[in-house]
Amino acid sequence: MDSVETPFSNNTIDIATLPDFEQVSLNPVRKKLLTKHLLQTGVWFVIVIAFSVFMYFQDEILVGGIISGILILFLIFVVFNFIKKQSRYAYAIREKDLIYKRGFLLSKTTVVSFNRIQHVSINRSVLDKWLALSTLKIFTAGGSGSDVKIPGLDPTVAEKLKEALAGKIANENV
């Protein structure tokens, strides 16, 4: 049997015909994620204050004050950033891919097609368990570590997303 070779083609695609991911309605993460971030930052505030007190008793008021002041300004910026970016954490699942958007100062949107996903896992720290939160981690081909982490999910939603993505992965590999 002779096989017929088809000539190579690489036609241009009209960009206007591509789907616009920015028009997709995204699901927000839980507001408790902000609580988690504020609690974690609060621990650092306590450490900075303890450092300031220690430096005061070491008669290094100027050095301790300057370092503490810089650290407190940085932590205030971190809190401001957490508050602003909370509303920008969002995700959606479409027929062939997952969209994850986050960030305030540095906004980032990741679109991962299901045929690139290798596996999905759910992580929950002690603080996550206390606040009833989960983080969905999505690992893709060729990546080292998880390529997408969606924090601040309700544990039942995270489990449903994991099962849905596992089903999509299985269907892509058939």
# chains A, B, ... in the order shown; residues from 1 in each chain; ligands from 1
$ closest_atom_pairs --of "range 58-142 of chain A" --to "range 152-174 of chain A" --cutoff "8 Å" --atoms "only C-alpha atoms" --output "JSON lines"
{"residue": "A:Phe114", "atom": "CA", "partner": "A:Ile169", "partner_atom": "CA", "distance": 5.8}
{"residue": "A:Asn115", "atom": "CA", "partner": "A:Glu172", "partner_atom": "CA", "distance": 5.8}
{"residue": "A:Ile117", "atom": "CA", "partner": "A:Ile169", "partner_atom": "CA", "distance": 6.8}
{"residue": "A:Gln118", "atom": "CA", "partner": "A:Ile169", "partner_atom": "CA", "distance": 7.6}
{"residue": "A:His119", "atom": "CA", "partner": "A:Ala166", "partner_atom": "CA", "distance": 7.2}
{"residue": "A:Val120", "atom": "CA", "partner": "A:Lys162", "partner_atom": "CA", "distance": 6.1}
{"residue": "A:Ser121", "atom": "CA", "partner": "A:Lys162", "partner_atom": "CA", "distance": 7.0}
{"residue": "A:Ile122", "atom": "CA", "partner": "A:Ala158", "partner_atom": "CA", "distance": 7.0}
{"residue": "A:Ala132", "atom": "CA", "partner": "A:Asp154", "partner_atom": "CA", "distance": 6.4}
{"residue": "A:Leu133", "atom": "CA", "partner": "A:Asp154", "partner_atom": "CA", "distance": 5.2}
{"residue": "A:Ser134", "atom": "CA", "partner": "A:Leu153", "partner_atom": "CA", "distance": 5.0}
{"residue": "A:Thr135", "atom": "CA", "partner": "A:Gly152", "partner_atom": "CA", "distance": 6.2}
{"residue": "A:Leu136", "atom": "CA", "partner": "A:Ala158", "partner_atom": "CA", "distance": 6.1}
$ write_last_selection --atoms "N, CA and C atoms" --output "mmCIF file, in the first residue's frame"
data_model
loop_
_atom_site.group_PDB
_atom_site.id
_atom_site.type_symbol
_atom_site.label_atom_id
_atom_site.label_comp_id
_atom_site.auth_asym_id
_atom_site.auth_seq_id
_atom_site.Cartn_x
_atom_site.Cartn_y
_atom_site.Cartn_z
ATOM 1 N N PHE A 114 -6.664 20.997 29.263
ATOM 2 C CA PHE A 114 -6.729 19.725 29.984
ATOM 3 C C PHE A 114 -5.719 18.708 29.479
ATOM 4 N N ASN A 115 -5.366 18.759 28.193
ATOM 5 C CA ASN A 115 -4.409 17.776 27.685
ATOM 6 C C ASN A 115 -2.991 18.008 28.212
ATOM 7 N N ILE A 117 -2.553 18.778 31.594
ATOM 8 C CA ILE A 117 -2.602 18.461 33.021
ATOM 9 C C ILE A 117 -2.214 17.005 33.248
ATOM 10 N N GLN A 118 -1.266 16.804 34.153
ATOM 11 C CA GLN A 118 -0.823 15.456 34.522
ATOM 12 C C GLN A 118 -1.612 14.908 35.702
ATOM 13 N N HIS A 119 -1.700 15.694 36.759
ATOM 14 C CA HIS A 119 -2.508 15.293 37.908
ATOM 15 C C HIS A 119 -2.883 16.512 38.744
ATOM 16 N N VAL A 120 -3.801 16.280 39.684
ATOM 17 C CA VAL A 120 -4.344 17.342 40.515
ATOM 18 C C VAL A 120 -4.311 16.879 41.972
ATOM 19 N N SER A 121 -3.966 17.775 42.888
ATOM 20 C CA SER A 121 -3.988 17.417 44.309
ATOM 21 C C SER A 121 -4.598 18.555 45.118
ATOM 22 N N ILE A 122 -4.965 18.226 46.352
ATOM 23 C CA ILE A 122 -5.533 19.214 47.273
ATOM 24 C C ILE A 122 -4.628 19.283 48.498
ATOM 25 N N ALA A 132 -11.421 26.316 57.212
ATOM 26 C CA ALA A 132 -12.199 25.557 56.206
ATOM 27 C C ALA A 132 -11.841 26.012 54.790
ATOM 28 N N LEU A 133 -10.547 25.953 54.483
ATOM 29 C CA LEU A 133 -10.044 26.316 53.161
ATOM 30 C C LEU A 133 -9.244 25.154 52.578
ATOM 31 N N SER A 134 -9.097 25.154 51.271
ATOM 32 C CA SER A 134 -8.249 24.191 50.568
ATOM 33 C C SER A 134 -7.532 24.892 49.431
ATOM 34 N N THR A 135 -6.398 24.315 49.033
ATOM 35 C CA THR A 135 -5.663 24.790 47.864
ATOM 36 C C THR A 135 -5.632 23.671 46.843
ATOM 37 N N LEU A 136 -6.100 23.961 45.641
ATOM 38 C CA LEU A 136 -6.075 22.990 44.545
ATOM 39 C C LEU A 136 -4.781 23.208 43.774
#
$ select_by_dssp --residues "range 42-147 of chain A" --states "strand (DSSP E)" --output "ChimeraX atom specification"
/A:90-93,97-102,108-113,117-123,134-140
$ write_last_selection --atoms "N, CA, C and O atoms" --output "short mmCIF file (atom, residue, chain, number, x, y, z; two decimals), in the first residue's frame"
data_model
loop_
_atom_site.label_atom_id
_atom_site.label_comp_id
_atom_site.auth_asym_id
_atom_site.auth_seq_id
_atom_site.Cartn_x
_atom_site.Cartn_y
_atom_site.Cartn_z
N ALA A 90 -9.71 34.38 41.08
CA ALA A 90 -10.89 33.79 40.46
C ALA A 90 -10.47 32.69 39.49
O ALA A 90 -9.34 32.68 39.00
N TYR A 91 -11.40 31.78 39.22
CA TYR A 91 -11.11 30.64 38.35
C TYR A 91 -12.38 30.24 37.59
O TYR A 91 -13.49 30.63 37.96
N ALA A 92 -12.18 29.49 36.54
CA ALA A 92 -13.30 28.94 35.77
C ALA A 92 -12.82 27.70 35.04
O ALA A 92 -11.65 27.58 34.69
N ILE A 93 -13.75 26.80 34.82
CA ILE A 93 -13.47 25.62 34.01
C ILE A 93 -14.34 25.70 32.77
O ILE A 93 -15.56 25.91 32.87
N ASP A 97 -10.37 23.75 28.94
CA ASP A 97 -9.29 24.33 29.74
C ASP A 97 -9.79 24.90 31.06
O ASP A 97 -10.99 24.95 31.32
N LEU A 98 -8.81 25.30 31.86
CA LEU A 98 -9.05 25.93 33.15
C LEU A 98 -8.42 27.32 33.11
O LEU A 98 -7.31 27.48 32.59
N ILE A 99 -9.11 28.30 33.65
CA ILE A 99 -8.60 29.67 33.70
C ILE A 99 -8.43 30.04 35.18
O ILE A 99 -9.31 29.78 35.99
N TYR A 100 -7.29 30.63 35.51
CA TYR A 100 -7.03 31.09 36.87
C TYR A 100 -6.44 32.49 36.80
O TYR A 100 -5.45 32.72 36.12
N LYS A 101 -7.09 33.42 37.50
CA LYS A 101 -6.67 34.82 37.48
C LYS A 101 -6.37 35.27 38.90
O LYS A 101 -7.09 34.92 39.83
N ARG A 102 -5.30 36.05 39.06
CA ARG A 102 -4.93 36.56 40.37
C ARG A 102 -4.00 37.75 40.23
O ARG A 102 -3.47 38.01 39.16
N LYS A 108 -2.00 38.40 36.83
CA LYS A 108 -1.61 37.26 36.01
C LYS A 108 -2.82 36.38 35.74
O LYS A 108 -3.60 36.09 36.65
N THR A 109 -2.96 35.94 34.51
CA THR A 109 -4.00 35.00 34.13
C THR A 109 -3.33 33.79 33.50
O THR A 109 -2.51 33.93 32.61
N THR A 110 -3.71 32.60 33.99
CA THR A 110 -3.16 31.36 33.46
C THR A 110 -4.29 30.55 32.86
O THR A 110 -5.32 30.36 33.51
N VAL A 111 -4.09 30.10 31.63
CA VAL A 111 -5.06 29.22 30.97
C VAL A 111 -4.33 27.91 30.69
O VAL A 111 -3.32 27.89 30.00
N VAL A 112 -4.85 26.82 31.27
CA VAL A 112 -4.21 25.52 31.12
C VAL A 112 -5.19 24.58 30.43
O VAL A 112 -6.29 24.35 30.93
N SER A 113 -4.79 24.05 29.28
CA SER A 113 -5.66 23.09 28.60
C SER A 113 -5.57 21.73 29.29
O SER A 113 -4.53 21.37 29.86
N ILE A 117 -2.55 18.78 31.59
CA ILE A 117 -2.60 18.46 33.02
C ILE A 117 -2.21 17.00 33.25
O ILE A 117 -2.76 16.10 32.63
N GLN A 118 -1.27 16.80 34.15
CA GLN A 118 -0.82 15.46 34.52
C GLN A 118 -1.61 14.91 35.70
O GLN A 118 -2.09 13.80 35.66
N HIS A 119 -1.70 15.69 36.76
CA HIS A 119 -2.51 15.29 37.91
C HIS A 119 -2.88 16.51 38.74
O HIS A 119 -2.36 17.61 38.55
N VAL A 120 -3.80 16.28 39.68
CA VAL A 120 -4.34 17.34 40.52
C VAL A 120 -4.31 16.88 41.97
O VAL A 120 -4.58 15.71 42.25
N SER A 121 -3.97 17.78 42.89
CA SER A 121 -3.99 17.42 44.31
C SER A 121 -4.60 18.56 45.12
O SER A 121 -4.72 19.68 44.64
N ILE A 122 -4.96 18.23 46.35
CA ILE A 122 -5.53 19.21 47.27
C ILE A 122 -4.63 19.28 48.50
O ILE A 122 -4.26 18.25 49.05
N ASN A 123 -4.28 20.49 48.91
CA ASN A 123 -3.46 20.71 50.10
C ASN A 123 -4.26 21.49 51.12
O ASN A 123 -5.01 22.41 50.75
N SER A 134 -9.10 25.15 51.27
CA SER A 134 -8.25 24.19 50.57
C SER A 134 -7.53 24.89 49.43
O SER A 134 -8.01 25.90 48.91
N THR A 135 -6.40 24.32 49.03
CA THR A 135 -5.66 24.79 47.86
C THR A 135 -5.63 23.67 46.84
O THR A 135 -5.21 22.56 47.15
N LEU A 136 -6.10 23.96 45.64
CA LEU A 136 -6.07 22.99 44.55
C LEU A 136 -4.78 23.21 43.77
O LEU A 136 -4.50 24.32 43.33
N LYS A 137 -3.98 22.14 43.66
CA LYS A 137 -2.71 22.23 42.93
C LYS A 137 -2.83 21.43 41.64
O LYS A 137 -3.22 20.26 41.66
N ILE A 138 -2.48 22.07 40.54
CA ILE A 138 -2.59 21.46 39.22
C ILE A 138 -1.19 21.35 38.63
O ILE A 138 -0.48 22.35 38.48
N PHE A 139 -0.80 20.12 38.30
CA PHE A 139 0.52 19.83 37.75
C PHE A 139 0.39 19.58 36.26
O PHE A 139 -0.45 18.78 35.83
N THR A 140 1.24 20.25 35.47
CA THR A 140 1.17 20.08 34.02
C THR A 140 2.43 19.40 33.50
O THR A 140 3.43 19.30 34.20
#
$ select_by_dssp --residues "range 11-160 of chain A" --states "alpha helix (DSSP H)" --output "PyMOL selection string"
chain A and resi 32-57+61-86+126-131+155-160
$ write_last_selection --atoms "C-alpha atoms" --output "CSV table (one decimal), in the first residue's frame"
chain,number,residue,atom,x,y,z
A,32,LYS,CA,-11.5,33.6,54.4
A,33,LEU,CA,-8.4,33.5,52.3
A,34,LEU,CA,-7.9,37.2,53.3
A,35,THR,CA,-8.3,36.1,56.9
A,36,LYS,CA,-5.6,33.5,56.4
A,37,HIS,CA,-3.2,36.0,54.9
A,38,LEU,CA,-3.9,38.6,57.6
A,39,LEU,CA,-3.3,36.0,60.3
A,40,GLN,CA,0.0,35.0,58.7
A,41,THR,CA,1.1,38.7,58.4
A,42,GLY,CA,0.0,39.3,62.0
A,43,VAL,CA,2.6,36.8,63.1
A,44,TRP,CA,5.3,38.7,61.3
A,45,PHE,CA,4.1,42.0,63.0
A,46,VAL,CA,4.5,40.3,66.4
A,47,ILE,CA,8.0,39.2,65.4
A,48,VAL,CA,9.0,42.7,64.3
A,49,ILE,CA,7.6,44.2,67.5
A,50,ALA,CA,9.5,41.6,69.6
A,51,PHE,CA,12.7,42.5,67.6
A,52,SER,CA,12.1,46.2,68.3
A,53,VAL,CA,11.7,45.6,72.0
A,54,PHE,CA,14.8,43.4,72.0
A,55,MET,CA,16.9,46.1,70.2
A,56,TYR,CA,15.5,48.7,72.6
A,57,PHE,CA,16.9,46.8,75.6
A,61,ILE,CA,17.4,52.1,69.5
A,62,LEU,CA,18.4,53.8,66.3
A,63,VAL,CA,19.3,50.7,64.4
A,64,GLY,CA,16.4,48.7,65.7
A,65,GLY,CA,14.0,51.6,65.0
A,66,ILE,CA,15.2,52.0,61.4
A,67,ILE,CA,15.0,48.2,60.7
A,68,SER,CA,11.7,47.9,62.5
A,69,GLY,CA,10.3,50.9,60.7
A,70,ILE,CA,11.3,49.5,57.3
A,71,LEU,CA,9.8,46.1,58.2
A,72,ILE,CA,6.5,47.6,59.5
A,73,LEU,CA,6.2,49.7,56.3
A,74,PHE,CA,6.8,46.6,54.2
A,75,LEU,CA,4.2,44.6,56.2
A,76,ILE,CA,1.6,47.4,55.8
A,77,PHE,CA,2.3,47.2,52.0
A,78,VAL,CA,1.8,43.4,52.2
A,79,VAL,CA,-1.5,43.8,54.0
A,80,PHE,CA,-2.7,46.4,51.5
A,81,ASN,CA,-1.7,44.1,48.6
A,82,PHE,CA,-3.6,41.2,50.2
A,83,ILE,CA,-6.7,43.3,50.6
A,84,LYS,CA,-6.6,44.5,47.0
A,85,LYS,CA,-5.8,41.2,45.4
A,86,GLN,CA,-8.5,39.2,47.4
A,126,VAL,CA,-3.5,23.5,59.8
A,127,LEU,CA,-4.6,27.1,59.3
A,128,ASP,CA,-6.6,26.0,56.2
A,129,LYS,CA,-8.4,23.3,58.2
A,130,TRP,CA,-9.2,25.8,61.0
A,131,LEU,CA,-10.6,28.3,58.4
A,155,PRO,CA,-13.0,21.9,50.7
A,156,THR,CA,-16.1,20.5,49.0
A,157,VAL,CA,-15.6,22.7,46.0
A,158,ALA,CA,-11.9,21.8,45.8
A,159,GLU,CA,-12.9,18.1,45.9
A,160,LYS,CA,-15.5,18.6,43.2
$ atom_distance --atom1 "CA of Pro28 in chain A" --atom2 "CA of Val148 in chain A"
15.5 Å
$ decode --residues "range 86-99 of chain A" --atoms "N, CA, C and O atoms" --output "PDB file, in the first residue's frame"
ATOM      1  N   GLN A  86      -7.466  40.199  46.954  1.00  0.00           N
ATOM      2  CA  GLN A  86      -8.460  39.201  47.353  1.00  0.00           C
ATOM      3  C   GLN A  86      -9.585  39.089  46.322  1.00  0.00           C
ATOM      4  O   GLN A  86      -9.977  37.995  45.935  1.00  0.00           O
ATOM      5  N   SER A  87     -10.086  40.210  45.865  1.00  0.00           N
ATOM      6  CA  SER A  87     -11.204  40.190  44.910  1.00  0.00           C
ATOM      7  C   SER A  87     -10.767  39.757  43.511  1.00  0.00           C
ATOM      8  O   SER A  87     -11.614  39.505  42.655  1.00  0.00           O
ATOM      9  N   ARG A  88      -9.482  39.646  43.284  1.00  0.00           N
ATOM     10  CA  ARG A  88      -8.985  39.288  41.959  1.00  0.00           C
ATOM     11  C   ARG A  88      -8.614  37.813  41.823  1.00  0.00           C
ATOM     12  O   ARG A  88      -8.217  37.374  40.762  1.00  0.00           O
ATOM     13  N   TYR A  89      -8.700  37.048  42.915  1.00  0.00           N
ATOM     14  CA  TYR A  89      -8.515  35.602  42.829  1.00  0.00           C
ATOM     15  C   TYR A  89      -9.794  35.011  42.240  1.00  0.00           C
ATOM     16  O   TYR A  89     -10.872  35.130  42.836  1.00  0.00           O
ATOM     17  N   ALA A  90      -9.709  34.376  41.085  1.00  0.00           N
ATOM     18  CA  ALA A  90     -10.894  33.792  40.461  1.00  0.00           C
ATOM     19  C   ALA A  90     -10.467  32.688  39.492  1.00  0.00           C
ATOM     20  O   ALA A  90      -9.341  32.678  39.000  1.00  0.00           O
ATOM     21  N   TYR A  91     -11.399  31.779  39.222  1.00  0.00           N
ATOM     22  CA  TYR A  91     -11.112  30.641  38.355  1.00  0.00           C
ATOM     23  C   TYR A  91     -12.379  30.245  37.587  1.00  0.00           C
ATOM     24  O   TYR A  91     -13.492  30.633  37.961  1.00  0.00           O
ATOM     25  N   ALA A  92     -12.182  29.494  36.537  1.00  0.00           N
ATOM     26  CA  ALA A  92     -13.303  28.941  35.767  1.00  0.00           C
ATOM     27  C   ALA A  92     -12.822  27.695  35.038  1.00  0.00           C
ATOM     28  O   ALA A  92     -11.647  27.575  34.690  1.00  0.00           O
ATOM     29  N   ILE A  93     -13.747  26.799  34.821  1.00  0.00           N
ATOM     30  CA  ILE A  93     -13.468  25.616  34.012  1.00  0.00           C
ATOM     31  C   ILE A  93     -14.339  25.704  32.766  1.00  0.00           C
ATOM     32  O   ILE A  93     -15.556  25.906  32.866  1.00  0.00           O
ATOM     33  N   ARG A  94     -13.693  25.585  31.619  1.00  0.00           N
ATOM     34  CA  ARG A  94     -14.425  25.554  30.356  1.00  0.00           C
ATOM     35  C   ARG A  94     -14.362  24.137  29.802  1.00  0.00           C
ATOM     36  O   ARG A  94     -13.872  23.224  30.459  1.00  0.00           O
ATOM     37  N   GLU A  95     -14.854  23.941  28.599  1.00  0.00           N
ATOM     38  CA  GLU A  95     -14.883  22.609  27.994  1.00  0.00           C
ATOM     39  C   GLU A  95     -13.499  21.995  27.842  1.00  0.00           C
ATOM     40  O   GLU A  95     -13.322  20.802  28.033  1.00  0.00           O
ATOM     41  N   LYS A  96     -12.509  22.808  27.496  1.00  0.00           N
ATOM     42  CA  LYS A  96     -11.190  22.279  27.176  1.00  0.00           C
ATOM     43  C   LYS A  96     -10.060  22.820  28.033  1.00  0.00           C
ATOM     44  O   LYS A  96      -8.918  22.420  27.873  1.00  0.00           O
ATOM     45  N   ASP A  97     -10.366  23.753  28.936  1.00  0.00           N
ATOM     46  CA  ASP A  97      -9.293  24.328  29.741  1.00  0.00           C
ATOM     47  C   ASP A  97      -9.786  24.896  31.059  1.00  0.00           C
ATOM     48  O   ASP A  97     -10.986  24.946  31.317  1.00  0.00           O
ATOM     49  N   LEU A  98      -8.809  25.302  31.862  1.00  0.00           N
ATOM     50  CA  LEU A  98      -9.054  25.933  33.155  1.00  0.00           C
ATOM     51  C   LEU A  98      -8.420  27.320  33.109  1.00  0.00           C
ATOM     52  O   LEU A  98      -7.311  27.478  32.586  1.00  0.00           O
ATOM     53  N   ILE A  99      -9.109  28.303  33.649  1.00  0.00           N
ATOM     54  CA  ILE A  99      -8.602  29.672  33.704  1.00  0.00           C
ATOM     55  C   ILE A  99      -8.427  30.042  35.175  1.00  0.00           C
ATOM     56  O   ILE A  99      -9.311  29.783  35.995  1.00  0.00           O
TER      57      ILE A  99
END
